[in-house]
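**Q** The following file, data11.txt, comprises compact mmCIF, C-alpha atoms and all ligand atoms:
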```txt
# COMPACT_ATOMS: atom_id res chain seq x y z
CA MET G 1 0.20 12.83 5.35
CA TYR G 2 -2.27 14.48 2.96
CA GLN G 3 -3.36 12.29 0.07
CA PHE G 4 -4.67 13.59 -3.24
CA LYS G 5 -5.98 11.68 -6.24
CA ARG G 6 -7.03 14.69 -8.30
CA SER G 7 -4.57 17.22 -9.63
CA THR G 8 -6.98 20.17 -9.11
CA ASP G 9 -7.16 19.40 -5.36
CA LEU G 10 -3.40 19.00 -5.06
CA LYS G 11 -2.83 22.26 -6.96
CA LYS G 12 -5.20 24.17 -4.64
CA HIS G 13 -3.39 22.80 -1.59
CA LEU G 14 0.05 23.65 -3.02
CA ASP G 15 -1.07 27.19 -3.91
CA LEU G 16 -1.66 27.73 -0.18
CA VAL G 17 1.76 26.23 0.63
CA ARG G 18 3.40 28.67 -1.80
CA LYS G 19 1.40 31.61 -0.38
CA SER G 20 2.87 30.84 3.04
CA ASN G 21 6.34 31.19 1.48
CA LYS G 22 7.24 27.54 1.93
CA SER G 23 9.44 25.73 -0.59
CA ILE G 24 8.24 22.51 -2.21
CA GLY G 25 10.34 19.38 -2.82
CA PHE G 26 9.10 16.69 -5.20
CA VAL G 27 9.94 12.98 -5.45
CA PRO G 28 8.18 11.27 -8.39
CA THR G 29 7.96 7.46 -8.11
CA MET G 30 6.16 4.46 -9.52
CA GLY G 31 5.66 3.02 -6.04
CA ALA G 32 6.97 -0.33 -4.72
CA LEU G 33 8.99 1.95 -2.48
CA HIS G 34 12.31 0.90 -0.98
CA ASN G 35 15.01 2.66 1.02
CA GLY G 36 16.36 4.28 -2.15
CA HIS G 37 13.08 6.18 -2.52
CA LEU G 38 12.97 6.99 1.19
CA SER G 39 16.48 8.47 0.98
CA LEU G 40 15.16 10.81 -1.76
CA ILE G 41 12.31 11.85 0.53
CA GLN G 42 14.81 12.46 3.31
CA ALA G 43 17.04 14.55 1.02
CA ALA G 44 13.95 16.53 -0.02
CA LYS G 45 12.99 17.07 3.62
CA GLU G 46 16.44 18.45 4.37
CA LYS G 47 16.36 20.92 1.50
CA THR G 48 12.70 21.99 1.26
CA ASP G 49 9.78 22.77 3.60
CA VAL G 50 6.99 20.59 2.15
CA VAL G 51 7.68 17.27 0.42
CA VAL G 52 5.36 15.82 -2.22
CA CYS G 53 5.77 12.22 -3.37
CA SER G 54 3.82 10.87 -6.35
CA ILE G 55 3.05 7.23 -7.00
CA PHE G 56 1.99 6.56 -10.56
CA VAL G 57 2.90 3.52 -12.65
CA ASN G 58 3.18 5.36 -15.94
CA PRO G 59 1.92 3.22 -18.84
CA THR G 60 3.54 5.36 -21.56
CA GLN G 61 7.11 4.61 -20.45
CA PHE G 62 6.82 0.80 -20.68
CA ASN G 63 8.02 -0.33 -24.09
CA ASP G 64 7.32 -3.92 -23.01
CA PRO G 65 3.64 -4.50 -22.03
CA LYS G 66 4.67 -7.58 -19.96
CA ASP G 67 6.96 -5.41 -17.86
CA PHE G 68 4.03 -3.04 -17.21
CA GLU G 69 1.75 -5.94 -16.19
CA LYS G 70 4.38 -7.34 -13.82
CA TYR G 71 5.30 -4.01 -12.23
CA PRO G 72 4.80 -4.47 -8.45
CA ILE G 73 1.92 -2.49 -6.88
CA THR G 74 2.18 -2.19 -3.09
CA VAL G 75 0.29 1.01 -2.28
CA GLU G 76 -0.73 0.12 1.31
CA ASP G 77 2.85 -0.72 2.18
CA ASP G 78 4.13 2.38 0.34
CA ILE G 79 1.83 4.62 2.39
CA LYS G 80 3.24 3.14 5.63
CA LYS G 81 6.78 3.77 4.42
CA LEU G 82 6.00 7.34 3.39
CA ASN G 83 4.44 7.99 6.80
CA SER G 84 7.52 6.51 8.51
CA VAL G 85 9.68 9.32 7.02
CA SER G 86 7.00 11.99 7.63
CA THR G 87 6.24 12.70 3.97
CA ASP G 88 3.87 15.67 3.80
CA ILE G 89 1.84 14.89 0.70
CA LEU G 90 1.14 11.85 -1.48
CA PHE G 91 -0.22 12.30 -5.01
CA LEU G 92 -1.84 9.11 -6.23
CA PRO G 93 -3.52 9.85 -9.57
CA SER G 94 -5.29 7.43 -11.93
CA VAL G 95 -4.34 6.89 -15.57
CA GLU G 96 -7.44 8.92 -16.63
CA GLU G 97 -6.38 11.77 -14.34
CA MET G 98 -2.89 11.94 -15.88
CA TYR G 99 -3.86 11.18 -19.49
CA PRO G 100 -7.33 12.68 -20.13
CA GLU G 101 -6.24 13.03 -23.77
CA GLY G 102 -5.52 9.26 -24.06
CA LEU G 103 -2.22 7.40 -24.09
CA GLU G 104 -1.38 7.99 -27.76
CA SER G 105 0.33 11.28 -28.51
CA ASP G 106 2.22 13.09 -31.28
CA LEU G 107 4.19 15.03 -28.68
CA HIS G 108 7.93 14.58 -29.17
CA TYR G 109 10.76 15.89 -27.01
CA ASP G 110 14.19 16.41 -28.54
CA PHE G 111 16.45 14.52 -26.15
CA GLY G 112 19.29 14.32 -28.70
CA ASN G 113 21.50 11.25 -28.54
CA LEU G 114 20.36 10.54 -24.96
CA GLU G 115 17.39 8.80 -26.53
CA THR G 116 19.33 6.41 -28.73
CA ILE G 117 22.08 5.11 -26.44
CA LEU G 118 22.06 2.77 -23.40
CA GLU G 119 18.46 2.50 -22.12
CA GLY G 120 17.19 4.44 -25.14
CA LYS G 121 18.63 1.84 -27.53
CA PHE G 122 17.09 -1.11 -25.70
CA ARG G 123 13.83 0.53 -24.62
CA PRO G 124 12.57 2.51 -27.65
CA GLY G 125 10.03 5.16 -26.68
CA HIS G 126 10.78 4.79 -22.96
CA PHE G 127 12.22 8.26 -22.46
CA GLN G 128 9.46 9.99 -24.45
CA GLY G 129 7.06 8.41 -21.94
CA VAL G 130 9.22 9.51 -19.00
CA GLY G 131 9.44 13.04 -20.44
CA ARG G 132 5.69 13.22 -20.97
CA ILE G 133 4.77 12.16 -17.43
CA VAL G 134 7.49 14.15 -15.65
CA HIS G 135 6.45 17.26 -17.63
CA LYS G 136 2.82 16.75 -16.56
CA LEU G 137 3.74 16.08 -12.92
CA LEU G 138 5.97 19.16 -12.77
CA ASP G 139 3.17 21.32 -14.22
CA ILE G 140 0.89 20.11 -11.42
CA VAL G 141 3.31 20.19 -8.48
CA GLN G 142 5.49 23.15 -9.58
CA PRO G 143 8.17 22.26 -7.04
CA ASN G 144 11.23 24.32 -6.23
CA GLN G 145 13.40 21.22 -6.25
CA LEU G 146 13.03 17.80 -7.86
CA PHE G 147 14.83 14.80 -6.32
CA MET G 148 15.91 11.79 -8.40
CA GLY G 149 18.35 8.92 -7.89
CA GLN G 150 21.66 8.43 -9.69
CA LYS G 151 20.76 4.77 -10.24
CA ASP G 152 18.66 6.05 -13.15
CA LEU G 153 21.48 8.22 -14.42
CA GLN G 154 20.25 8.51 -17.99
CA GLN G 155 16.75 9.37 -16.74
CA CYS G 156 18.30 12.17 -14.64
CA LEU G 157 20.01 13.56 -17.76
CA ILE G 158 16.77 13.27 -19.74
CA VAL G 159 14.94 15.22 -17.02
CA ARG G 160 17.72 17.81 -16.90
CA ARG G 161 17.25 18.26 -20.64
CA LEU G 162 13.46 18.39 -20.24
CA LEU G 163 13.88 21.21 -17.71
CA ALA G 164 16.11 23.08 -20.19
CA ILE G 165 13.74 22.53 -23.18
CA THR G 166 10.72 23.68 -21.16
CA HIS G 167 12.62 26.63 -19.60
CA SER G 168 11.65 25.29 -16.20
CA PRO G 169 13.00 27.02 -13.06
CA VAL G 170 12.92 23.70 -11.12
CA LYS G 171 16.27 22.61 -9.66
CA LEU G 172 17.10 18.92 -10.20
CA VAL G 173 18.96 17.29 -7.28
CA VAL G 174 20.59 13.95 -8.19
CA CYS G 175 21.03 11.80 -5.06
CA PRO G 176 23.53 8.92 -4.73
CA THR G 177 22.45 5.34 -5.45
CA GLU G 178 21.36 3.45 -2.33
CA ARG G 179 22.77 -0.08 -2.18
CA GLU G 180 22.05 -3.27 -0.27
CA LYS G 181 24.86 -4.47 2.03
CA ASP G 182 26.22 -6.68 -0.75
CA GLY G 183 26.34 -3.76 -3.22
CA LEU G 184 23.21 -4.48 -5.27
CA ALA G 185 21.61 -1.17 -6.24
CA MET G 186 18.17 -0.84 -4.62
CA SER G 187 15.38 -1.21 -7.16
CA SER G 188 11.68 -2.06 -7.11
CA ARG G 189 12.53 -4.83 -9.57
CA ASN G 190 14.83 -6.64 -7.07
CA ALA G 191 11.72 -8.02 -5.35
CA ARG G 192 11.09 -10.14 -8.46
CA LEU G 193 14.45 -11.95 -8.22
CA SER G 194 14.38 -15.61 -7.11
CA PRO G 195 16.54 -16.34 -4.02
CA ALA G 196 19.26 -17.85 -6.28
CA ALA G 197 19.22 -14.86 -8.64
CA ARG G 198 19.23 -12.42 -5.71
CA LYS G 199 22.43 -14.09 -4.50
CA LYS G 200 24.03 -13.72 -7.92
CA ALA G 201 22.85 -10.14 -8.63
CA PRO G 202 25.63 -8.23 -6.74
CA ALA G 203 28.05 -9.44 -9.50
CA ILE G 204 26.78 -6.42 -11.43
CA TYR G 205 28.18 -4.00 -8.85
CA GLN G 206 31.41 -6.03 -8.64
CA ALA G 207 31.84 -5.76 -12.42
CA LEU G 208 31.40 -1.98 -12.26
CA LEU G 209 33.84 -1.71 -9.34
CA GLU G 210 36.48 -3.63 -11.25
CA ILE G 211 36.19 -1.21 -14.17
CA LYS G 212 36.44 1.70 -11.71
CA ASN G 213 39.56 0.16 -10.12
CA ASN G 214 41.26 -0.04 -13.54
CA PHE G 215 40.28 3.52 -14.51
CA GLY G 216 43.26 5.83 -14.84
CA LYS G 217 45.62 2.93 -15.63
CA GLY G 218 45.86 3.56 -19.39
CA LEU G 219 42.96 2.64 -21.67
CA HIS G 220 42.70 -0.89 -20.26
CA PHE G 221 39.45 0.06 -18.55
CA LEU G 222 37.81 0.22 -22.00
CA GLU G 223 38.72 -3.42 -22.57
CA GLY G 224 37.45 -3.96 -19.03
CA ALA G 225 33.94 -3.13 -20.25
CA HIS G 226 34.09 -5.95 -22.82
CA GLU G 227 35.60 -8.30 -20.23
CA ALA G 228 32.82 -7.47 -17.75
CA PHE G 229 30.19 -8.13 -20.44
CA ASP G 230 31.68 -11.59 -21.18
CA ALA G 231 32.20 -12.43 -17.49
CA LEU G 232 28.55 -11.61 -16.66
CA LYS G 233 27.41 -13.76 -19.58
CA LYS G 234 29.45 -16.69 -18.23
CA GLN G 235 27.78 -16.24 -14.83
CA GLY G 236 24.30 -16.64 -16.34
CA PHE G 237 23.38 -12.98 -16.89
CA GLU G 238 22.16 -11.73 -20.26
CA PRO G 239 23.94 -8.37 -20.45
CA GLU G 240 22.57 -5.75 -22.86
CA TYR G 241 25.35 -3.23 -22.48
CA VAL G 242 28.38 -2.36 -20.39
CA ASP G 243 29.35 1.07 -21.75
CA ILE G 244 31.84 3.72 -20.72
CA LEU G 245 30.75 7.22 -21.65
CA GLN G 246 31.82 10.80 -21.32
CA LEU G 247 29.44 13.56 -20.27
CA ASP G 248 29.65 16.69 -22.47
CA ASP G 249 27.04 19.46 -22.19
CA ASP G 250 24.63 17.05 -20.47
CA MET G 251 24.93 14.56 -23.37
CA LEU G 252 26.63 11.17 -23.09
CA HIS G 253 29.15 10.10 -25.74
CA PRO G 254 30.95 6.75 -26.04
CA LEU G 255 34.51 7.15 -24.80
CA ASP G 256 37.23 6.02 -27.19
CA GLN G 257 40.16 8.17 -26.14
CA PRO G 258 41.59 9.53 -22.88
CA PRO G 259 38.84 11.74 -21.39
CA GLY G 260 40.87 14.63 -19.97
CA ASN G 261 38.88 16.23 -17.15
CA ALA G 262 35.41 15.33 -18.45
CA THR G 263 32.97 13.41 -16.28
CA VAL G 264 33.16 9.70 -17.16
CA VAL G 265 30.60 7.05 -16.24
CA VAL G 266 30.22 3.32 -16.70
CA ALA G 267 26.65 2.08 -17.17
CA LEU G 268 25.34 -1.47 -17.32
CA ALA G 269 22.08 -3.29 -18.03
CA ALA G 270 21.64 -7.05 -17.73
CA TRP G 271 18.81 -9.54 -17.45
CA LEU G 272 18.92 -12.08 -14.68
CA ASP G 273 16.20 -14.66 -14.19
CA GLY G 274 13.77 -12.63 -16.32
CA VAL G 275 14.43 -9.41 -14.37
CA ARG G 276 16.17 -6.45 -16.00
CA LEU G 277 18.71 -4.76 -13.73
CA ILE G 278 20.60 -1.51 -14.36
CA ASP G 279 23.41 0.18 -12.48
CA ASN G 280 26.20 2.71 -13.06
CA LEU G 281 29.21 4.30 -11.40
CA ILE G 282 30.89 7.63 -11.94
CA LEU G 283 34.53 6.93 -12.82
CA GLN G 284 35.64 10.57 -12.73
CA GLY G 285 34.10 13.99 -12.13
CA ASN G 286 30.51 14.60 -11.10
CA LEU G 287 27.08 14.98 -12.64
O1 LIG H 1 11.98 6.52 -11.97
C1 LIG H 1 10.74 6.35 -11.95
O2 LIG H 1 10.20 5.78 -11.02
C2 LIG H 1 9.90 6.86 -13.11
O3 LIG H 1 10.58 6.73 -14.31
C3 LIG H 1 9.38 8.29 -12.91
C4 LIG H 1 10.49 9.30 -12.85
C5 LIG H 1 8.54 8.37 -11.64
C6 LIG H 1 8.46 8.69 -14.08
O4 LIG H 1 7.39 7.81 -14.21
```
Mind turning the file's structure into structure tokens?
**A**
Amino acid sequence: MYQFKRSTDLKKHLDLVRKSNKSIGFVPTMGALHNGHLSLIQAAKEKTDVVVCSIFVNPTQFNDPKDFEKYPITVEDDIKKLNSVSTDILFLPSVEEMYPEGLESDLHYDFGNLETILEGKFRPGHFQGVGRIVHKLLDIVQPNQLFMGQKDLQQCLIVRRLLAITHSPVKLVVCPTEREKDGLAMSSRNARLSPAARKKAPAIYQALLEIKNNFGKGLHFLEGAHEAFDALKKQGFEPEYVDILQLDDDMLHPLDQPPGNATVVVALAAWLDGVRLIDNLILQGNL
């Protein structure tokens, strides 16, 4: 696996890749890699000739400085995992490399209501930071296809909008959420759960499944979201939201009437033992 720390070196290498008519797949990450990330690399390997993975813990997307400080850094281990799935290139830039202009910026992307609901509501500024870094990474890598996981559904929609705003030709491929055997969505944050909390955490997936099972049986599934919120609270979670939304023109809107044929999703965020967990399921349609 080639490793680059400087964007100029990576760009030079990728120019040669493009000259040899090979397609480039890109998987951006913040490291602490797990099988969810590796499944994105595998999807990229199936669809493109040369796969680039980036590891960069992006300071501008952390609205909570404590979350940034606690974010797991496991680069040695990550490199072994990337080698195990034959990743072609790792981009491992520093903060100075990615933000020579400094972390403060007046740049603002218009993400519409995607920025004020769900994660946007509870993590102000988060998606501006995601937009800023993904825009920079795409300018450097210029991939043909970009691979992201459905677990971060709202992030996928933000990136889809970023691609539209910036008139980017890059194709976004959204890959299914990888789950542990007990249903817990794979996440770098799971490593921070205590053994007791880890045992409890799959209740999140169970709550989503119950809402999915009631979908299509009248509007009871909407009440199901409130019930799931209360049930998680009783089990010791601190839920932030359990919301059912409809996808229209790549925007998410709260669902308050029968959705017709529109894509419908349920999304959830809850704290458990000081760790913030998110998950979602598609109730109808596709992304
Ligand atoms: O999902 C992540 O790991 C990050 O938000 C991303 C897309 C790499 C941007 O920093």
**Q** Could you pull the residues within 12 Å of Lys151 of chain G, counting all atoms listed in the file, minus those fewer than 6 positions along the same chain, as a list in words?
**A**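 In the requested format, the answer is Gly36, His37, Leu40, Leu157, Val174, Cys175, Pro176, Thr177, Glu178, Arg179, Leu184, Ala185, Met186, Ser187, Ser188, Tyr205, Val265, Val266, Ala267, Leu268, Ala269, Leu277, Ile278, Asp279, Asn280, Leu281 and Ile282 of chain G.
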**Q** Which polymer residues have any atom within 10 Å of an atom of His135 of chain G, counting only C-alpha atoms, with same-chain residues fewer than 2 positions away left out, as a count of residues only?
**A** 14
**Q** As a ChimeraX atom specification, please: the residues near Asp273 of chain G (cut-off 8 Å, only C-alpha atoms, same-chain neighbours under 3 positions excluded).
**A** /G:193-194,197,237
**Q** Listed atoms of ligand LIG 1 (chain H), axis-aligned box, 4 Å per side: centre and edge lengths to one decimal in Å, as JSON?
**A**
```
{"center_x": 9.7, "center_y": 7.5, "center_z": -12.7, "size_x": 12.6, "size_y": 11.5, "size_z": 11.3}
```
**Q** Excluding same-chain residues fewer than 4 positions from Met30 of chain G, what lies within 8 Å of it counting all atoms listed in the file, as an NGL selection string?
**A** :G and (54-58)
**Q** Record the distance separating atom CA of Thr29 of chain G and atom CA of Phe91 of chain G, expressed in Å with one decimal.
**A**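 Computed distance, atom CA of Thr29 of chain G to atom CA of Phe91 of chain G, equals 10.0 Å.
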**Q** Around (15.2, 10.2, 5.8) in the file's frame, which residues reach within 12 Å when counting all atoms listed in the file? Return as a ChimeraX atom specification?
**A** /G:34-47,51,81-87
**Q** Nearest residue to ligand LIG 1 (chain H) out of G:Asp9, G:Glu101, G:Glu119, G:Asp88, using all atoms listed in the file?
**A** G:Glu119
**Q** For segment 106-111 of chain G, work out the shell of residues within 7 Å, counting all atoms listed in the file and skipping chain neighbours fewer than 5 positions away, then give it as a ChimeraX atom specification.
**A** /G:128,158,161
**Q** May I ask which of the residues G:Arg276, G:His167, G:His126, G:His226 is the closest one to ligand LIG 1 (chain H), counting all atoms listed in the file?
**A**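 Using all atoms listed in the file, ligand LIG 1 (chain H) sits closest to G:His126.
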**Q** Quick one, how far is atom CA of Cys156 of chain G from atom CA of His13 of chain G?
**A**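 Interatomic distance here is 27.5 Å.
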